[in-house]
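Undergrad: Next up, final36.tsv (TSV, N, CA and C atoms).
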```tsv
chain	number	residue	atom	x	y	z
Q	21	MET	N	68.61	125.14	117.47
Q	21	MET	CA	68.03	124.74	116.19
Q	21	MET	C	66.83	123.86	116.48
Q	22	SER	N	65.71	124.11	115.82
Q	22	SER	CA	64.51	123.33	116.05
Q	22	SER	C	64.65	121.95	115.41
Q	23	VAL	N	63.78	121.01	115.85
Q	23	VAL	CA	63.80	119.66	115.30
Q	23	VAL	C	63.48	119.69	113.81
Q	24	GLU	N	62.52	120.54	113.42
Q	24	GLU	CA	62.16	120.63	112.01
Q	24	GLU	C	63.33	121.15	111.17
Q	25	ALA	N	64.04	122.14	111.69
Q	25	ALA	CA	65.16	122.72	110.96
Q	25	ALA	C	66.28	121.70	110.81
Q	26	SER	N	66.57	120.96	111.90
Q	26	SER	CA	67.65	119.98	111.80
Q	26	SER	C	67.24	118.82	110.90
Q	27	ALA	N	65.97	118.43	110.91
Q	27	ALA	CA	65.52	117.35	110.03
Q	27	ALA	C	65.60	117.81	108.58
Q	28	GLY	N	65.26	119.07	108.32
Q	28	GLY	CA	65.35	119.60	106.96
Q	28	GLY	C	66.77	119.65	106.47
Q	29	ALA	N	67.69	120.02	107.37
Q	29	ALA	CA	69.10	120.07	107.00
Q	29	ALA	C	69.62	118.68	106.70
Q	30	ALA	N	69.19	117.70	107.49
Q	30	ALA	CA	69.65	116.32	107.26
Q	30	ALA	C	69.13	115.79	105.93
Q	31	SER	N	67.88	116.11	105.59
Q	31	SER	CA	67.33	115.57	104.34
Q	31	SER	C	67.97	116.23	103.12
Q	32	ALA	N	68.52	117.43	103.28
Q	32	ALA	CA	69.18	118.09	102.16
Q	32	ALA	C	70.42	117.33	101.72
Q	33	TRP	N	71.01	116.56	102.63
Q	33	TRP	CA	72.22	115.79	102.32
Q	33	TRP	C	71.92	114.35	101.99
Q	34	ASN	N	70.65	113.99	101.88
Q	34	ASN	CA	70.26	112.62	101.55
Q	34	ASN	C	70.67	112.33	100.11
Q	35	PRO	N	71.57	111.35	99.89
Q	35	PRO	CA	72.05	111.06	98.53
Q	35	PRO	C	70.92	110.69	97.57
Q	36	VAL	N	69.91	109.99	98.06
Q	36	VAL	CA	68.81	109.60	97.17
Q	36	VAL	C	68.07	110.82	96.68
Q	37	SER	N	67.80	111.78	97.58
Q	37	SER	CA	67.08	112.98	97.14
Q	37	SER	C	67.93	113.80	96.19
Q	38	LEU	N	69.26	113.81	96.39
Q	38	LEU	CA	70.13	114.54	95.47
Q	38	LEU	C	70.09	113.91	94.08
Q	39	ILE	N	70.09	112.58	94.02
Q	39	ILE	CA	70.04	111.90	92.73
Q	39	ILE	C	68.70	112.13	92.05
Q	40	GLU	N	67.62	112.10	92.84
Q	40	GLU	CA	66.31	112.34	92.27
Q	40	GLU	C	66.22	113.75	91.68
Q	41	ARG	N	66.82	114.73	92.35
Q	41	ARG	CA	66.75	116.12	91.87
Q	41	ARG	C	67.69	116.39	90.73
Q	42	HIS	N	68.83	115.69	90.70
Q	42	HIS	CA	69.84	115.92	89.68
Q	42	HIS	C	70.24	114.58	89.07
Q	43	ASN	N	69.90	114.38	87.83
Q	43	ASN	CA	70.30	113.14	87.19
Q	43	ASN	C	71.79	113.23	86.90
Q	44	LEU	N	72.59	112.63	87.78
Q	44	LEU	CA	74.04	112.74	87.69
Q	44	LEU	C	74.62	112.04	86.47
Q	45	TYR	N	73.89	111.13	85.88
Q	45	TYR	CA	74.43	110.31	84.80
Q	45	TYR	C	73.95	110.74	83.42
Q	46	ALA	N	73.00	111.62	83.34
Q	46	ALA	CA	72.42	111.99	82.05
Q	46	ALA	C	73.45	112.56	81.09
Q	47	ASP	N	74.33	113.41	81.59
Q	47	ASP	CA	75.32	114.04	80.72
Q	47	ASP	C	76.47	113.09	80.38
Q	48	ALA	N	76.77	112.14	81.25
Q	48	ALA	CA	77.92	111.26	81.05
Q	48	ALA	C	77.63	110.10	80.11
Q	49	MET	N	76.40	109.74	79.89
Q	49	MET	CA	76.06	108.53	79.14
Q	49	MET	C	76.43	108.57	77.65
Q	50	PRO	N	76.25	109.67	76.93
Q	50	PRO	CA	76.53	109.61	75.49
Q	50	PRO	C	77.94	109.17	75.13
Q	51	GLY	N	78.94	109.53	75.91
Q	51	GLY	CA	80.32	109.16	75.58
Q	51	GLY	C	80.82	107.97	76.36
Q	52	PHE	N	79.96	107.30	77.11
Q	52	PHE	CA	80.39	106.19	77.97
Q	52	PHE	C	80.68	104.95	77.14
Q	53	ASP	N	81.84	104.37	77.34
Q	53	ASP	CA	82.23	103.13	76.66
Q	53	ASP	C	82.51	102.07	77.72
Q	54	PRO	N	81.64	101.06	77.83
Q	54	PRO	CA	81.84	100.05	78.87
Q	54	PRO	C	83.16	99.29	78.73
Q	55	GLN	N	83.65	99.13	77.51
Q	55	GLN	CA	84.93	98.42	77.33
Q	55	GLN	C	86.09	99.24	77.89
Q	56	GLU	N	86.02	100.57	77.75
Q	56	GLU	CA	87.04	101.43	78.35
Q	56	GLU	C	86.99	101.34	79.87
Q	57	MET	N	85.79	101.27	80.44
Q	57	MET	CA	85.65	101.15	81.88
Q	57	MET	C	86.30	99.85	82.37
Q	58	VAL	N	86.03	98.76	81.68
Q	58	VAL	CA	86.61	97.46	82.05
Q	58	VAL	C	88.13	97.54	81.95
Q	59	ALA	N	88.64	98.18	80.91
Q	59	ALA	CA	90.09	98.32	80.76
Q	59	ALA	C	90.69	99.15	81.90
Q	60	ARG	N	89.98	100.18	82.35
Q	60	ARG	CA	90.46	100.99	83.48
Q	60	ARG	C	90.53	100.14	84.75
Q	61	PHE	N	89.56	99.29	84.96
Q	61	PHE	CA	89.59	98.42	86.14
Q	61	PHE	C	90.71	97.39	86.04
Q	62	ARG	N	90.97	96.92	84.84
Q	62	ARG	CA	92.09	95.99	84.63
Q	62	ARG	C	93.41	96.68	84.98
Q	63	ALA	N	93.55	97.94	84.57
Q	63	ALA	CA	94.75	98.71	84.89
Q	63	ALA	C	94.85	98.98	86.38
Q	64	ARG	N	93.72	99.24	87.04
Q	64	ARG	CA	93.74	99.46	88.49
Q	64	ARG	C	94.17	98.19	89.21
Q	65	ALA	N	93.69	97.04	88.76
Q	65	ALA	CA	94.09	95.78	89.39
Q	65	ALA	C	95.60	95.59	89.28
Q	66	GLU	N	96.15	95.87	88.12
Q	66	GLU	CA	97.60	95.74	87.93
Q	66	GLU	C	98.36	96.73	88.81
Q	67	ALA	N	97.84	97.95	88.94
Q	67	ALA	CA	98.49	98.96	89.78
Q	67	ALA	C	98.51	98.52	91.24
Q	68	VAL	N	97.41	97.94	91.72
Q	68	VAL	CA	97.36	97.46	93.10
Q	68	VAL	C	98.33	96.29	93.28
Q	69	ARG	N	98.37	95.41	92.29
Q	69	ARG	CA	99.23	94.23	92.39
Q	69	ARG	C	100.70	94.60	92.44
Q	70	THR	N	101.08	95.66	91.76
Q	70	THR	CA	102.50	96.00	91.65
Q	70	THR	C	102.95	97.15	92.56
Q	71	ARG	N	102.01	97.75	93.29
Q	71	ARG	CA	102.41	98.88	94.13
Q	71	ARG	C	103.25	98.39	95.32
Q	72	GLY	N	104.13	99.26	95.75
Q	72	GLY	CA	105.01	98.92	96.86
Q	72	GLY	C	104.32	99.03	98.20
Q	73	MET	N	104.99	98.47	99.19
Q	73	MET	CA	104.48	98.51	100.56
Q	73	MET	C	105.02	99.76	101.24
Q	74	PRO	N	104.14	100.59	101.81
Q	74	PRO	CA	104.64	101.76	102.53
Q	74	PRO	C	105.38	101.34	103.80
Q	75	PRO	N	106.17	102.22	104.36
Q	75	PRO	CA	106.95	101.86	105.55
Q	75	PRO	C	106.09	101.81	106.82
Q	76	ILE	N	105.28	100.76	106.93
Q	76	ILE	CA	104.44	100.57	108.11
Q	76	ILE	C	104.74	99.20	108.71
Q	77	GLU	N	104.45	99.06	110.00
Q	77	GLU	CA	104.77	97.82	110.70
Q	77	GLU	C	103.57	97.32	111.49
Q	78	GLY	N	103.69	96.08	111.94
Q	78	GLY	CA	102.71	95.49	112.85
Q	78	GLY	C	101.34	95.33	112.24
Q	79	PRO	N	100.31	95.57	113.07
Q	79	PRO	CA	98.93	95.38	112.61
Q	79	PRO	C	98.56	96.28	111.43
Q	80	GLU	N	99.15	97.47	111.37
Q	80	GLU	CA	98.88	98.37	110.25
Q	80	GLU	C	99.31	97.73	108.93
Q	81	ARG	N	100.46	97.08	108.95
Q	81	ARG	CA	100.98	96.42	107.75
Q	81	ARG	C	100.03	95.31	107.29
Q	82	GLN	N	99.54	94.52	108.24
Q	82	GLN	CA	98.62	93.44	107.89
Q	82	GLN	C	97.32	94.00	107.33
Q	83	ARG	N	96.80	95.07	107.93
Q	83	ARG	CA	95.57	95.68	107.41
Q	83	ARG	C	95.78	96.22	106.01
Q	84	PHE	N	96.94	96.83	105.75
Q	84	PHE	CA	97.25	97.33	104.41
Q	84	PHE	C	97.26	96.19	103.40
Q	85	ARG	N	97.90	95.08	103.76
Q	85	ARG	CA	97.97	93.92	102.85
Q	85	ARG	C	96.59	93.35	102.57
Q	86	GLU	N	95.77	93.24	103.61
Q	86	GLU	CA	94.41	92.71	103.43
Q	86	GLU	C	93.58	93.63	102.54
Q	87	GLN	N	93.70	94.94	102.74
Q	87	GLN	CA	92.95	95.88	101.90
Q	87	GLN	C	93.44	95.83	100.46
Q	88	ALA	N	94.75	95.72	100.27
Q	88	ALA	CA	95.29	95.62	98.92
Q	88	ALA	C	94.76	94.36	98.22
Q	89	GLN	N	94.65	93.26	98.95
Q	89	GLN	CA	94.13	92.03	98.35
Q	89	GLN	C	92.66	92.20	97.96
Q	90	ARG	N	91.88	92.85	98.84
Q	90	ARG	CA	90.46	93.09	98.51
Q	90	ARG	C	90.35	94.01	97.29
Q	91	ASP	N	91.16	95.08	97.27
Q	91	ASP	CA	91.15	96.01	96.12
Q	91	ASP	C	91.49	95.27	94.84
Q	92	PHE	N	92.56	94.46	94.88
Q	92	PHE	CA	92.97	93.72	93.69
Q	92	PHE	C	91.85	92.80	93.23
Q	93	THR	N	91.24	92.06	94.15
Q	93	THR	CA	90.17	91.13	93.79
Q	93	THR	C	89.00	91.86	93.14
Q	94	ASP	N	88.57	92.97	93.73
Q	94	ASP	CA	87.45	93.73	93.17
Q	94	ASP	C	87.78	94.27	91.78
Q	95	TYR	N	88.95	94.91	91.66
Q	95	TYR	CA	89.33	95.49	90.37
Q	95	TYR	C	89.53	94.41	89.32
Q	96	ALA	N	90.15	93.29	89.70
Q	96	ALA	CA	90.40	92.22	88.74
Q	96	ALA	C	89.09	91.59	88.26
Q	97	MET	N	88.13	91.42	89.16
Q	97	MET	CA	86.84	90.84	88.73
Q	97	MET	C	86.16	91.73	87.71
Q	98	ILE	N	86.10	93.03	87.99
Q	98	ILE	CA	85.45	93.94	87.04
Q	98	ILE	C	86.29	94.06	85.78
Q	99	GLY	N	87.61	94.01	85.92
Q	99	GLY	CA	88.49	94.06	84.76
Q	99	GLY	C	88.38	92.84	83.88
Q	100	ASP	N	87.84	91.75	84.41
Q	100	ASP	CA	87.65	90.52	83.66
Q	100	ASP	C	86.22	90.36	83.14
Q	101	ALA	N	85.39	91.36	83.39
Q	101	ALA	CA	83.97	91.28	83.03
Q	101	ALA	C	83.74	91.48	81.54
Q	102	GLU	N	82.64	90.94	81.10
Q	102	GLU	CA	82.10	91.25	79.78
Q	102	GLU	C	81.06	92.33	80.02
Q	103	ALA	N	81.28	93.51	79.45
Q	103	ALA	CA	80.40	94.64	79.70
Q	103	ALA	C	79.51	94.89	78.49
Q	104	GLU	N	78.26	95.25	78.81
Q	104	GLU	CA	77.30	95.56	77.74
Q	104	GLU	C	76.41	96.70	78.21
Q	105	LEU	N	76.24	97.69	77.37
Q	105	LEU	CA	75.38	98.82	77.67
Q	105	LEU	C	74.23	98.81	76.67
Q	106	VAL	N	73.03	98.55	77.16
Q	106	VAL	CA	71.85	98.48	76.31
Q	106	VAL	C	70.76	99.35	76.92
Q	107	ASP	N	70.28	100.31	76.17
Q	107	ASP	CA	69.20	101.20	76.61
Q	107	ASP	C	69.51	101.84	77.96
Q	108	GLY	N	70.76	102.25	78.17
Q	108	GLY	CA	71.13	102.93	79.40
Q	108	GLY	C	71.36	102.02	80.59
Q	109	ILE	N	71.31	100.71	80.39
Q	109	ILE	CA	71.54	99.77	81.49
Q	109	ILE	C	72.86	99.06	81.25
Q	110	LEU	N	73.79	99.23	82.19
Q	110	LEU	CA	75.08	98.59	82.11
Q	110	LEU	C	75.00	97.22	82.77
Q	111	THR	N	75.38	96.19	82.03
Q	111	THR	CA	75.39	94.82	82.55
Q	111	THR	C	76.82	94.30	82.50
Q	112	LEU	N	77.29	93.81	83.64
Q	112	LEU	CA	78.61	93.20	83.72
Q	112	LEU	C	78.41	91.71	83.97
Q	113	ARG	N	78.98	90.88	83.09
Q	113	ARG	CA	78.96	89.42	83.30
Q	113	ARG	C	80.34	89.01	83.75
Q	114	ILE	N	80.38	88.40	84.93
Q	114	ILE	CA	81.65	87.96	85.50
Q	114	ILE	C	81.52	86.47	85.81
Q	115	ASP	N	82.33	85.67	85.15
Q	115	ASP	CA	82.31	84.23	85.33
Q	115	ASP	C	83.16	83.87	86.54
Q	116	LEU	N	82.52	83.45	87.63
Q	116	LEU	CA	83.22	83.12	88.86
Q	116	LEU	C	83.37	81.61	89.06
Q	117	ARG	N	83.00	80.84	88.04
Q	117	ARG	CA	83.15	79.39	88.17
Q	117	ARG	C	84.63	79.00	88.11
Q	118	PRO	N	85.00	77.95	88.84
Q	118	PRO	CA	86.39	77.46	88.75
Q	118	PRO	C	86.71	77.00	87.33
Q	119	PRO	N	87.98	77.07	86.92
Q	119	PRO	CA	88.35	76.66	85.56
Q	119	PRO	C	87.90	75.25	85.20
Q	120	ALA	N	87.83	74.32	86.15
Q	120	ALA	CA	87.41	72.95	85.86
Q	120	ALA	C	85.96	72.90	85.39
Q	121	GLU	N	85.17	73.91	85.72
Q	121	GLU	CA	83.77	73.95	85.31
Q	121	GLU	C	83.58	74.77	84.05
Q	122	GLY	N	84.65	75.12	83.39
Q	122	GLY	CA	84.54	75.89	82.15
Q	122	GLY	C	84.49	77.38	82.38
Q	123	GLY	N	84.72	77.82	83.59
Q	123	GLY	CA	84.65	79.26	83.89
Q	123	GLY	C	86.00	79.77	84.32
Q	124	GLY	N	85.96	80.71	85.23
Q	124	GLY	CA	87.19	81.24	85.79
Q	124	GLY	C	87.80	82.39	85.03
Q	125	GLY	N	87.00	83.12	84.28
Q	125	GLY	CA	87.53	84.31	83.62
Q	125	GLY	C	87.98	84.07	82.21
Q	126	THR	N	88.77	84.98	81.74
Q	126	THR	CA	89.21	84.92	80.34
Q	126	THR	C	90.28	83.87	80.17
Q	127	SER	N	90.32	83.31	79.00
Q	127	SER	CA	91.35	82.31	78.73
Q	127	SER	C	92.55	82.98	78.07
Q	128	SER	N	93.73	82.42	78.32
Q	128	SER	CA	94.95	83.01	77.75
Q	128	SER	C	95.40	82.21	76.55
```
If you convert what's in this file into structure tokens, what do you get?
TA:
Amino acid sequence: MSVEASAGAASAWNPVSLIERHNLYADAMPGFDPQEMVARFRARAEAVRTRGMPPIEGPERQRFREQAQRDFTDYAMIGDAEAELVDGILTLRIDLRPPAEGGGGTSS
């Protein structure tokens, strides 16, 4: 395979060029509800928090626990966000301040 042919093949899989050629979000935007998205992330956070531990041991078990904690943190932060969609731009506001500073997420 020539250098030009392999370079052309590689650029065909470039995600940026695929997005430029195909607007992946144009069809999905009319029915998009940012509040539903936030609720889905809240549900994902709860699912990660309550899922069981698979039968693994040693370093694999520790890696699983660490990944579960990262997943929970990411999902919980987005699940706690205030979402706003204006003119096709999705904005998520996530208050990461400690509760003593008036922040720390939603109040119960």
Undergrad: May I have the residues within 8 Å of region 96-105 of chain Q as a list in words, using only C-alpha atoms and disregarding those fewer than 5 positions away in the same chain?
TA: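 Once the adjacent positions are removed, what remains is Pro54, Gln55, Val58, Ala59, Arg60, Phe61, Arg62, Ala63, Arg64, Ala65, Leu110, Thr111, Leu112, Arg113, Ile114, Asp115, Gly125 and Thr126 of chain Q.
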Undergrad: Take the residues that were just selected and, keeping N, CA and C atoms, output them as an mmCIF file, keeping the file's coordinate frame.
TA:
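Listed below is the output, part33.cif:
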```
data_model
loop_
_atom_site.group_PDB
_atom_site.id
_atom_site.type_symbol
_atom_site.label_atom_id
_atom_site.label_comp_id
_atom_site.auth_asym_id
_atom_site.auth_seq_id
_atom_site.Cartn_x
_atom_site.Cartn_y
_atom_site.Cartn_z
ATOM 1 N N PRO Q 54 81.640 101.060 77.830
ATOM 2 C CA PRO Q 54 81.840 100.050 78.870
ATOM 3 C C PRO Q 54 83.160 99.290 78.730
ATOM 4 N N GLN Q 55 83.650 99.130 77.510
ATOM 5 C CA GLN Q 55 84.930 98.420 77.330
ATOM 6 C C GLN Q 55 86.090 99.240 77.890
ATOM 7 N N VAL Q 58 86.030 98.760 81.680
ATOM 8 C CA VAL Q 58 86.610 97.460 82.050
ATOM 9 C C VAL Q 58 88.130 97.540 81.950
ATOM 10 N N ALA Q 59 88.640 98.180 80.910
ATOM 11 C CA ALA Q 59 90.090 98.320 80.760
ATOM 12 C C ALA Q 59 90.690 99.150 81.900
ATOM 13 N N ARG Q 60 89.980 100.180 82.350
ATOM 14 C CA ARG Q 60 90.460 100.990 83.480
ATOM 15 C C ARG Q 60 90.530 100.140 84.750
ATOM 16 N N PHE Q 61 89.560 99.290 84.960
ATOM 17 C CA PHE Q 61 89.590 98.420 86.140
ATOM 18 C C PHE Q 61 90.710 97.390 86.040
ATOM 19 N N ARG Q 62 90.970 96.920 84.840
ATOM 20 C CA ARG Q 62 92.090 95.990 84.630
ATOM 21 C C ARG Q 62 93.410 96.680 84.980
ATOM 22 N N ALA Q 63 93.550 97.940 84.570
ATOM 23 C CA ALA Q 63 94.750 98.710 84.890
ATOM 24 C C ALA Q 63 94.850 98.980 86.380
ATOM 25 N N ARG Q 64 93.720 99.240 87.040
ATOM 26 C CA ARG Q 64 93.740 99.460 88.490
ATOM 27 C C ARG Q 64 94.170 98.190 89.210
ATOM 28 N N ALA Q 65 93.690 97.040 88.760
ATOM 29 C CA ALA Q 65 94.090 95.780 89.390
ATOM 30 C C ALA Q 65 95.600 95.590 89.280
ATOM 31 N N LEU Q 110 73.790 99.230 82.190
ATOM 32 C CA LEU Q 110 75.080 98.590 82.110
ATOM 33 C C LEU Q 110 75.000 97.220 82.770
ATOM 34 N N THR Q 111 75.380 96.190 82.030
ATOM 35 C CA THR Q 111 75.390 94.820 82.550
ATOM 36 C C THR Q 111 76.820 94.300 82.500
ATOM 37 N N LEU Q 112 77.290 93.810 83.640
ATOM 38 C CA LEU Q 112 78.610 93.200 83.720
ATOM 39 C C LEU Q 112 78.410 91.710 83.970
ATOM 40 N N ARG Q 113 78.980 90.880 83.090
ATOM 41 C CA ARG Q 113 78.960 89.420 83.300
ATOM 42 C C ARG Q 113 80.340 89.010 83.750
ATOM 43 N N ILE Q 114 80.380 88.400 84.930
ATOM 44 C CA ILE Q 114 81.650 87.960 85.500
ATOM 45 C C ILE Q 114 81.520 86.470 85.810
ATOM 46 N N ASP Q 115 82.330 85.670 85.150
ATOM 47 C CA ASP Q 115 82.310 84.230 85.330
ATOM 48 C C ASP Q 115 83.160 83.870 86.540
ATOM 49 N N GLY Q 125 87.000 83.120 84.280
ATOM 50 C CA GLY Q 125 87.530 84.310 83.620
ATOM 51 C C GLY Q 125 87.980 84.070 82.210
ATOM 52 N N THR Q 126 88.770 84.980 81.740
ATOM 53 C CA THR Q 126 89.210 84.920 80.340
ATOM 54 C C THR Q 126 90.280 83.870 80.170
#
```
Undergrad: Distance CA of Arg85 (chain Q)-CA of Pro119 (chain Q), one decimal place?
TA: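 CA of Arg85 (chain Q) sits 26.3 Å away from CA of Pro119 (chain Q).
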Undergrad: Just to confirm, what's the straight-line distance from atom C of Ala120 (chain Q) to CA of Val68 (chain Q) in Å (one decimal)?
TA: 28.2 Å
Undergrad: What's the separation between CA of Ile109 (chain Q) and CA of Phe92 (chain Q), in Å to one decimal place?
TA: 25.4 Å
Undergrad: From the options Q:Arg117, Q:Arg69, Q:Val106, Q:Pro75, which residue's atoms come nearest to Gln87 (chain Q), counting only C-alpha atoms?
TA: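 Ranked by minimum distance to Gln87 (chain Q), first place goes to Q:Arg69.
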